[in-house]
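Data block for final_3.pdb (PDB, C-alpha atoms):
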```
MODEL        1
ATOM      1  CA  MET A   1      83.868  63.809  67.250
ATOM      2  CA  LYS A   2      82.245  64.396  70.625
ATOM      3  CA  ILE A   3      83.950  65.734  73.737
ATOM      4  CA  GLN A   4      83.772  63.153  76.513
ATOM      5  CA  SER A   5      85.032  63.478  80.112
ATOM      6  CA  VAL A   6      88.167  62.133  81.771
ATOM      7  CA  LYS A   7      85.745  60.824  84.395
ATOM      8  CA  ASP A   8      83.973  58.615  81.841
ATOM      9  CA  ALA A   9      84.712  54.905  81.520
ATOM     10  CA  SER A  10      85.838  55.574  77.941
ATOM     11  CA  PHE A  11      88.958  57.314  79.324
ATOM     12  CA  ILE A  12      90.144  54.162  81.106
ATOM     13  CA  PRO A  13      92.400  52.938  78.233
ATOM     14  CA  TYR A  14      94.198  56.301  78.209
ATOM     15  CA  GLY A  15      94.643  57.218  81.873
ATOM     16  CA  HIS A  16      92.832  58.014  85.088
ATOM     17  CA  VAL A  17      91.971  60.857  87.438
ATOM     18  CA  VAL A  18      94.600  61.280  90.163
ATOM     19  CA  GLU A  19      93.104  61.811  93.611
ATOM     20  CA  GLY A  20      94.320  62.178  97.193
ATOM     21  CA  TYR A  21      96.561  65.242  96.784
ATOM     22  CA  ASP A  22      96.063  68.873  97.749
ATOM     23  CA  LEU A  23      97.218  70.666  94.603
ATOM     24  CA  THR A  24      95.671  74.039  95.455
ATOM     25  CA  GLU A  25      98.989  75.781  96.111
ATOM     26  CA  LEU A  26     100.544  74.265  92.997
ATOM     27  CA  LEU A  27      97.816  75.730  90.790
ATOM     28  CA  GLU A  28      97.901  79.081  92.579
ATOM     29  CA  VAL A  29     101.644  79.346  91.913
ATOM     30  CA  LEU A  30     101.136  78.372  88.275
ATOM     31  CA  VAL A  31      98.613  81.160  87.763
ATOM     32  CA  LYS A  32     100.788  83.731  89.570
ATOM     33  CA  THR A  33     104.072  82.910  87.843
ATOM     34  CA  SER A  34     103.153  82.013  84.252
ATOM     35  CA  GLU A  35     101.437  83.696  81.337
ATOM     36  CA  ALA A  36      98.616  82.304  79.202
ATOM     37  CA  PRO A  37      99.215  83.771  75.728
ATOM     38  CA  GLU A  38      97.308  83.496  72.451
ATOM     39  CA  HIS A  39      99.776  80.847  71.261
ATOM     40  CA  VAL A  40     100.997  77.723  73.080
ATOM     41  CA  ILE A  41     104.079  77.799  75.292
ATOM     42  CA  TYR A  42     105.767  74.908  77.052
ATOM     43  CA  VAL A  43     108.323  75.080  79.879
ATOM     44  CA  PRO A  44     109.680  71.662  80.982
ATOM     45  CA  SER A  45     110.816  72.740  84.453
ATOM     46  CA  SER A  46     109.624  75.638  86.622
ATOM     47  CA  PRO A  47     111.566  76.418  89.842
ATOM     48  CA  GLU A  48     108.462  78.072  91.295
ATOM     49  CA  LEU A  49     106.303  74.998  90.783
ATOM     50  CA  GLU A  50     109.044  72.670  91.991
ATOM     51  CA  ALA A  51     109.294  74.653  95.248
ATOM     52  CA  THR A  52     105.733  73.693  96.222
ATOM     53  CA  PRO A  53     104.901  70.718  98.495
ATOM     54  CA  ALA A  54     103.359  68.975  95.478
ATOM     55  CA  MET A  55     106.829  68.336  94.079
ATOM     56  CA  LYS A  56     107.804  65.858  96.821
ATOM     57  CA  ASP A  57     104.345  64.300  97.020
ATOM     58  CA  LEU A  58     104.191  63.578  93.306
ATOM     59  CA  GLN A  59     107.820  62.481  93.080
ATOM     60  CA  ASP A  60     107.624  60.037  95.963
ATOM     61  CA  ASN A  61     104.073  58.737  95.631
ATOM     62  CA  GLU A  62     103.234  58.948  91.924
ATOM     63  CA  TYR A  63     106.708  58.266  90.512
ATOM     64  CA  GLY A  64     108.026  56.000  93.267
ATOM     65  CA  GLY A  65     110.943  58.261  94.130
ATOM     66  CA  MET A  66     112.170  58.840  90.567
ATOM     67  CA  PRO A  67     113.483  62.368  89.856
ATOM     68  CA  ILE A  68     110.759  64.444  88.213
ATOM     69  CA  GLN A  69     110.179  67.910  86.824
ATOM     70  CA  LEU A  70     107.176  70.196  87.146
ATOM     71  CA  GLY A  71     106.636  72.456  84.182
ATOM     72  CA  TYR A  72     103.665  73.837  82.311
ATOM     73  CA  CYS A  73     101.885  74.084  78.972
ATOM     74  CA  ASN A  74      99.838  77.265  78.617
ATOM     75  CA  GLY A  75      98.083  79.129  75.858
ATOM     76  CA  THR A  76      95.210  79.019  73.398
ATOM     77  CA  ASN A  77      94.748  76.091  71.034
ATOM     78  CA  THR A  78      92.051  74.107  69.243
ATOM     79  CA  LYS A  79      94.116  71.879  66.912
ATOM     80  CA  LEU A  80      95.669  68.424  67.179
ATOM     81  CA  ASN A  81      98.808  69.164  65.065
ATOM     82  CA  CYS A  82     100.969  66.327  66.459
ATOM     83  CA  LEU A  83     100.917  63.377  68.829
ATOM     84  CA  GLU A  84     103.732  62.374  71.160
ATOM     85  CA  TYR A  85     104.509  59.721  73.747
ATOM     86  CA  HIS A  86     107.101  59.002  76.436
ATOM     87  CA  ARG A  87     108.492  55.881  78.121
ATOM     88  CA  ASP A  88     106.438  56.702  81.216
ATOM     89  CA  SER A  89     103.230  58.299  82.386
ATOM     90  CA  GLU A  90     102.667  62.052  82.319
ATOM     91  CA  ILE A  91     100.517  63.862  84.873
ATOM     92  CA  ASN A  92      98.509  66.920  83.844
ATOM     93  CA  VAL A  93      97.044  69.248  86.488
ATOM     94  CA  ALA A  94      94.549  71.659  84.961
ATOM     95  CA  ALA A  95      94.236  75.193  86.301
ATOM     96  CA  ASP A  96      91.510  75.795  83.703
ATOM     97  CA  ASP A  97      89.085  73.580  81.826
ATOM     98  CA  VAL A  98      90.949  71.919  78.942
ATOM     99  CA  VAL A  99      90.265  69.323  76.278
ATOM    100  CA  LEU A 100      92.783  66.521  75.817
ATOM    101  CA  LEU A 101      93.109  64.899  72.395
ATOM    102  CA  VAL A 102      94.441  61.352  72.770
ATOM    103  CA  ALA A 103      94.973  58.119  70.870
ATOM    104  CA  ARG A 104      96.735  54.790  71.448
ATOM    105  CA  GLN A 105     100.349  54.055  70.606
ATOM    106  CA  GLN A 106      99.208  50.560  69.629
ATOM    107  CA  ASP A 107      97.311  52.071  66.678
ATOM    108  CA  ILE A 108     100.488  53.367  65.026
ATOM    109  CA  VAL A 109     101.095  51.079  62.029
ATOM    110  CA  ASP A 110     104.335  51.420  60.065
ATOM    111  CA  GLY A 111     104.833  54.872  61.500
ATOM    112  CA  LYS A 112     101.347  56.076  60.532
ATOM    113  CA  LEU A 113      98.248  56.874  62.558
ATOM    114  CA  ASP A 114      94.923  57.993  61.107
ATOM    115  CA  THR A 115      93.528  60.906  63.100
ATOM    116  CA  SER A 116      90.094  59.235  63.064
ATOM    117  CA  LYS A 117      91.518  57.189  65.968
ATOM    118  CA  VAL A 118      91.797  60.329  68.134
ATOM    119  CA  GLU A 119      89.297  60.960  70.950
ATOM    120  CA  ALA A 120      88.577  64.159  72.908
ATOM    121  CA  PHE A 121      88.145  64.398  76.696
ATOM    122  CA  LEU A 122      87.291  67.355  78.904
ATOM    123  CA  CYS A 123      89.597  67.716  81.924
ATOM    124  CA  PRO A 124      87.854  70.100  84.352
ATOM    125  CA  LYS A 125      89.605  72.899  86.206
ATOM    126  CA  GLY A 126      91.375  71.602  89.324
ATOM    127  CA  THR A 127      91.586  68.029  88.027
ATOM    128  CA  ALA A 128      94.800  65.990  87.837
ATOM    129  CA  VAL A 129      95.027  63.110  85.369
ATOM    130  CA  GLU A 130      97.659  60.488  84.708
ATOM    131  CA  ILE A 131      98.194  59.922  80.985
ATOM    132  CA  TYR A 132      99.635  56.458  80.457
ATOM    133  CA  ALA A 133     102.913  55.876  78.602
ATOM    134  CA  THR A 134     101.088  54.273  75.669
ATOM    135  CA  THR A 135      98.699  57.206  75.308
ATOM    136  CA  LEU A 136      99.461  59.547  72.436
ATOM    137  CA  HIS A 137      98.881  63.181  73.355
ATOM    138  CA  TYR A 138     100.153  66.696  72.667
ATOM    139  CA  ALA A 139      99.317  70.242  73.730
ATOM    140  CA  PRO A 140      95.935  70.577  75.469
ATOM    141  CA  CYS A 141      93.118  72.429  73.734
ATOM    142  CA  SER A 142      91.035  75.308  75.037
ATOM    143  CA  ALA A 143      87.681  74.179  76.447
ATOM    144  CA  LYS A 144      86.053  77.555  75.853
ATOM    145  CA  LYS A 145      86.215  79.583  72.665
ATOM    146  CA  ASN A 146      89.122  82.059  72.591
ATOM    147  CA  GLU A 147      90.021  81.374  76.236
ATOM    148  CA  ALA A 148      93.553  80.472  77.273
ATOM    149  CA  PHE A 149      94.487  77.617  79.595
ATOM    150  CA  ARG A 150      97.220  76.788  82.095
ATOM    151  CA  VAL A 151      98.219  73.167  82.807
ATOM    152  CA  VAL A 152     100.988  71.787  85.032
ATOM    153  CA  ILE A 153     102.945  69.044  83.247
ATOM    154  CA  VAL A 154     104.691  66.441  85.428
ATOM    155  CA  LEU A 155     107.307  64.167  83.846
ATOM    156  CA  PRO A 156     110.562  62.402  84.717
ATOM    157  CA  LYS A 157     113.429  64.880  84.970
ATOM    158  CA  GLY A 158     114.975  65.814  81.642
ATOM    159  CA  THR A 159     112.003  64.883  79.477
ATOM    160  CA  ASN A 160     111.393  67.200  76.511
ATOM    161  CA  THR A 161     114.856  68.731  76.734
ATOM    162  CA  ASP A 162     117.551  68.454  74.045
ATOM    163  CA  LYS A 163     117.382  65.380  71.846
ATOM    164  CA  PRO A 164     120.293  62.944  72.244
ATOM    165  CA  GLU A 165     122.499  62.329  69.222
ATOM    166  CA  ILE A 166     121.682  58.832  67.965
ATOM    167  CA  ILE A 167     122.213  56.637  64.944
ATOM    168  CA  CYS A 168     118.787  55.554  63.718
ATOM    169  CA  LYS A 169     118.395  51.792  64.049
ATOM    170  CA  THR A 170     114.610  51.527  63.804
ATOM    171  CA  LEU A 171     111.649  53.395  62.362
ATOM    172  CA  GLU A 172     110.786  54.579  65.859
ATOM    173  CA  ASP A 173     114.214  56.215  66.139
ATOM    174  CA  LYS A 174     113.131  58.599  63.371
ATOM    175  CA  MET A 175     110.291  59.780  65.637
ATOM    176  CA  LEU A 176     112.623  60.804  68.485
ATOM    177  CA  PHE A 177     112.185  64.576  68.699
ATOM    178  CA  ALA A 178     113.597  65.409  72.142
ATOM    179  CA  LYS A 179     114.783  63.561  75.228
ATOM    180  CA  ASN A 180     112.186  60.902  76.111
ATOM    181  CA  LYS A 181     109.828  62.360  73.463
ATOM    182  CA  TRP A 182     108.732  60.456  70.368
ATOM    183  CA  LEU A 183     106.580  62.585  68.066
ATOM    184  CA  ILE A 184     104.546  62.138  64.909
ATOM    185  CA  ALA A 185     103.366  65.257  63.114
ATOM    186  CA  HIS A 186     100.598  66.148  60.705
ATOM    187  CA  PRO A 187     102.045  67.318  57.364
ATOM    188  CA  GLU A 188     100.312  70.708  57.656
ATOM    189  CA  THR A 189     102.165  71.736  60.826
ATOM    190  CA  GLY A 190     105.181  73.841  61.666
ATOM    191  CA  GLU A 191     106.681  70.845  63.440
ATOM    192  CA  ALA A 192     106.674  68.943  60.150
ATOM    193  CA  ALA A 193     108.291  71.903  58.410
ATOM    194  CA  ASN A 194     110.985  71.867  61.092
ATOM    195  CA  GLY A 195     111.902  68.241  60.472
ATOM    196  CA  ALA A 196     109.533  66.298  62.724
ATOM    197  CA  PHE A 197     108.564  62.806  61.590
ATOM    198  CA  VAL A 198     105.360  63.026  59.535
ATOM    199  CA  GLY A 199     103.036  60.199  60.489
ATOM    200  CA  LEU A 200      99.532  61.578  61.035
ATOM    201  CA  THR A 201      97.129  60.956  58.171
ATOM    202  CA  GLY A 202      93.642  62.303  57.697
ATOM    203  CA  GLU A 203      92.303  65.558  59.067
ATOM    204  CA  ASN A 204      94.335  67.811  61.350
ATOM    205  CA  ILE A 205      91.566  67.867  63.944
ATOM    206  CA  ASP A 206      90.264  71.275  65.033
ATOM    207  CA  ILE A 207      87.704  71.319  67.860
ATOM    208  CA  ALA A 208      86.825  75.025  67.472
ATOM    209  CA  ALA A 209      83.376  74.201  66.105
ATOM    210  CA  LEU A 210      82.623  72.059  69.164
ATOM    211  CA  LEU A 211      83.231  74.844  71.692
TER     212      LEU A 211
ENDMDL
END
```
Represent the structure from my file as structure tokens, please.
Amino acid sequence: MKIQSVKDASFIPYGHVVEGYDLTELLEVLVKTSEAPEHVIYVPSSPELEATPAMKDLQDNEYGGMPIQLGYCNGTNTKLNCLEYHRDSEINVAADDVVLLVARQQDIVDGKLDTSKVEAFLCPKGTAVEIYATTLHYAPCSAKKNEAFRVVIVLPKGTNTDKPEIICKTLEDKMLFAKNKWLIAHPETGEAANGAFVGLTGENIDIAALL
């Protein structure tokens, strides 16, 4: 595996760099109001982030007026562990250099995806990227050895909150892990131990040796 860039043409199937917004204040608030621990934390909705001008800009322009939430994913990580997708695009705004591990939903066959399909892309500090709805992704990875990251996560309001109670009608229904969150886990992970759908085959990718 090599680490490419979100600015490379090879990222086009997965998403694109979002331009035209001043996200300086958003990232300053993220750094001031959130921790970056040795493990990974995720907060779906942050009142401090949602009080910045970026909230209205992203809601109206990027999501066409749909209600959204601004949260964050922070911490230290080098492993793939799982892949998830939503019924919509997700925007990541990086306060630090991060590596995004992504694959295509179209490559899931009978609920399985071989991790050899996963690609790695560097998202530089200060960069915002749209990750398309059909792009499988999960927690970002550190871009520098033993260094934590902070990333703003923008999604439709309610995403990644409590899972609705459903009767499974399809194989995909078994992957539903939270509201608007379908997830497939590697068998070696804590998510799998906690009941997540196991669908990743092959190596649980670790990019530590590439940093």
Inset, instruction - Determine the residue membership of the PyMOL selection byres ((chain A and resi 11-13) around 12) for the file above and supply it as an MDAnalysis selection string. - result: chainID A and resid 3:10 14:17 100:106 118:123 129:136
Could you dump the residues just selected with C-alpha atoms as an mmCIF file, keeping the file's coordinate frame?
```cif
data_model
loop_
_atom_site.group_PDB
_atom_site.id
_atom_site.type_symbol
_atom_site.label_atom_id
_atom_site.label_comp_id
_atom_site.auth_asym_id
_atom_site.auth_seq_id
_atom_site.Cartn_x
_atom_site.Cartn_y
_atom_site.Cartn_z
ATOM 1 C CA ILE A 3 83.950 65.734 73.737
ATOM 2 C CA GLN A 4 83.772 63.153 76.513
ATOM 3 C CA SER A 5 85.032 63.478 80.112
ATOM 4 C CA VAL A 6 88.167 62.133 81.771
ATOM 5 C CA LYS A 7 85.745 60.824 84.395
ATOM 6 C CA ASP A 8 83.973 58.615 81.841
ATOM 7 C CA ALA A 9 84.712 54.905 81.520
ATOM 8 C CA SER A 10 85.838 55.574 77.941
ATOM 9 C CA TYR A 14 94.198 56.301 78.209
ATOM 10 C CA GLY A 15 94.643 57.218 81.873
ATOM 11 C CA HIS A 16 92.832 58.014 85.088
ATOM 12 C CA VAL A 17 91.971 60.857 87.438
ATOM 13 C CA LEU A 100 92.783 66.521 75.817
ATOM 14 C CA LEU A 101 93.109 64.899 72.395
ATOM 15 C CA VAL A 102 94.441 61.352 72.770
ATOM 16 C CA ALA A 103 94.973 58.119 70.870
ATOM 17 C CA ARG A 104 96.735 54.790 71.448
ATOM 18 C CA GLN A 105 100.349 54.055 70.606
ATOM 19 C CA GLN A 106 99.208 50.560 69.629
ATOM 20 C CA VAL A 118 91.797 60.329 68.134
ATOM 21 C CA GLU A 119 89.297 60.960 70.950
ATOM 22 C CA ALA A 120 88.577 64.159 72.908
ATOM 23 C CA PHE A 121 88.145 64.398 76.696
ATOM 24 C CA LEU A 122 87.291 67.355 78.904
ATOM 25 C CA CYS A 123 89.597 67.716 81.924
ATOM 26 C CA VAL A 129 95.027 63.110 85.369
ATOM 27 C CA GLU A 130 97.659 60.488 84.708
ATOM 28 C CA ILE A 131 98.194 59.922 80.985
ATOM 29 C CA TYR A 132 99.635 56.458 80.457
ATOM 30 C CA ALA A 133 102.913 55.876 78.602
ATOM 31 C CA THR A 134 101.088 54.273 75.669
ATOM 32 C CA THR A 135 98.699 57.206 75.308
ATOM 33 C CA LEU A 136 99.461 59.547 72.436
#
```
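The set of residues that the PyMOL selection byres ((chain A and resi 44) around 6) takes from this file is Val43, Ser45 and Gly71 of chain A.
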Who sits within 6 Å of Trp182 in chain A, all atoms listed in the file, same chain under 6 positions skipped, as a tab-separated table (two decimals) with C-alpha atoms, in the frame of the given file:
```tsv
chain	number	residue	atom	x	y	z
A	84	GLU	CA	103.73	62.37	71.16
A	85	TYR	CA	104.51	59.72	73.75
A	175	MET	CA	110.29	59.78	65.64
A	176	LEU	CA	112.62	60.80	68.48
```
Inset, instruction - Return as a ChimeraX atom specification the set of residues that the PyMOL selection byres ((chain A and resi 116) around 8) yields on the displayed structure. - result: /A:114-115,117-118,202-203
Inset, instruction - Name the closest residue to Ala143 in chain A among the candidates A:Leu200, A:Cys168, A:Ala208, A:Ala185; distances are taken between atoms, counting all atoms listed in the file. - result: A:Ala208
Inset, instruction - Work out how far apart CA of Thr161 in chain A and CA of Lys179 in chain A are and give it in Å to one decimal. - result: 5.4 Å
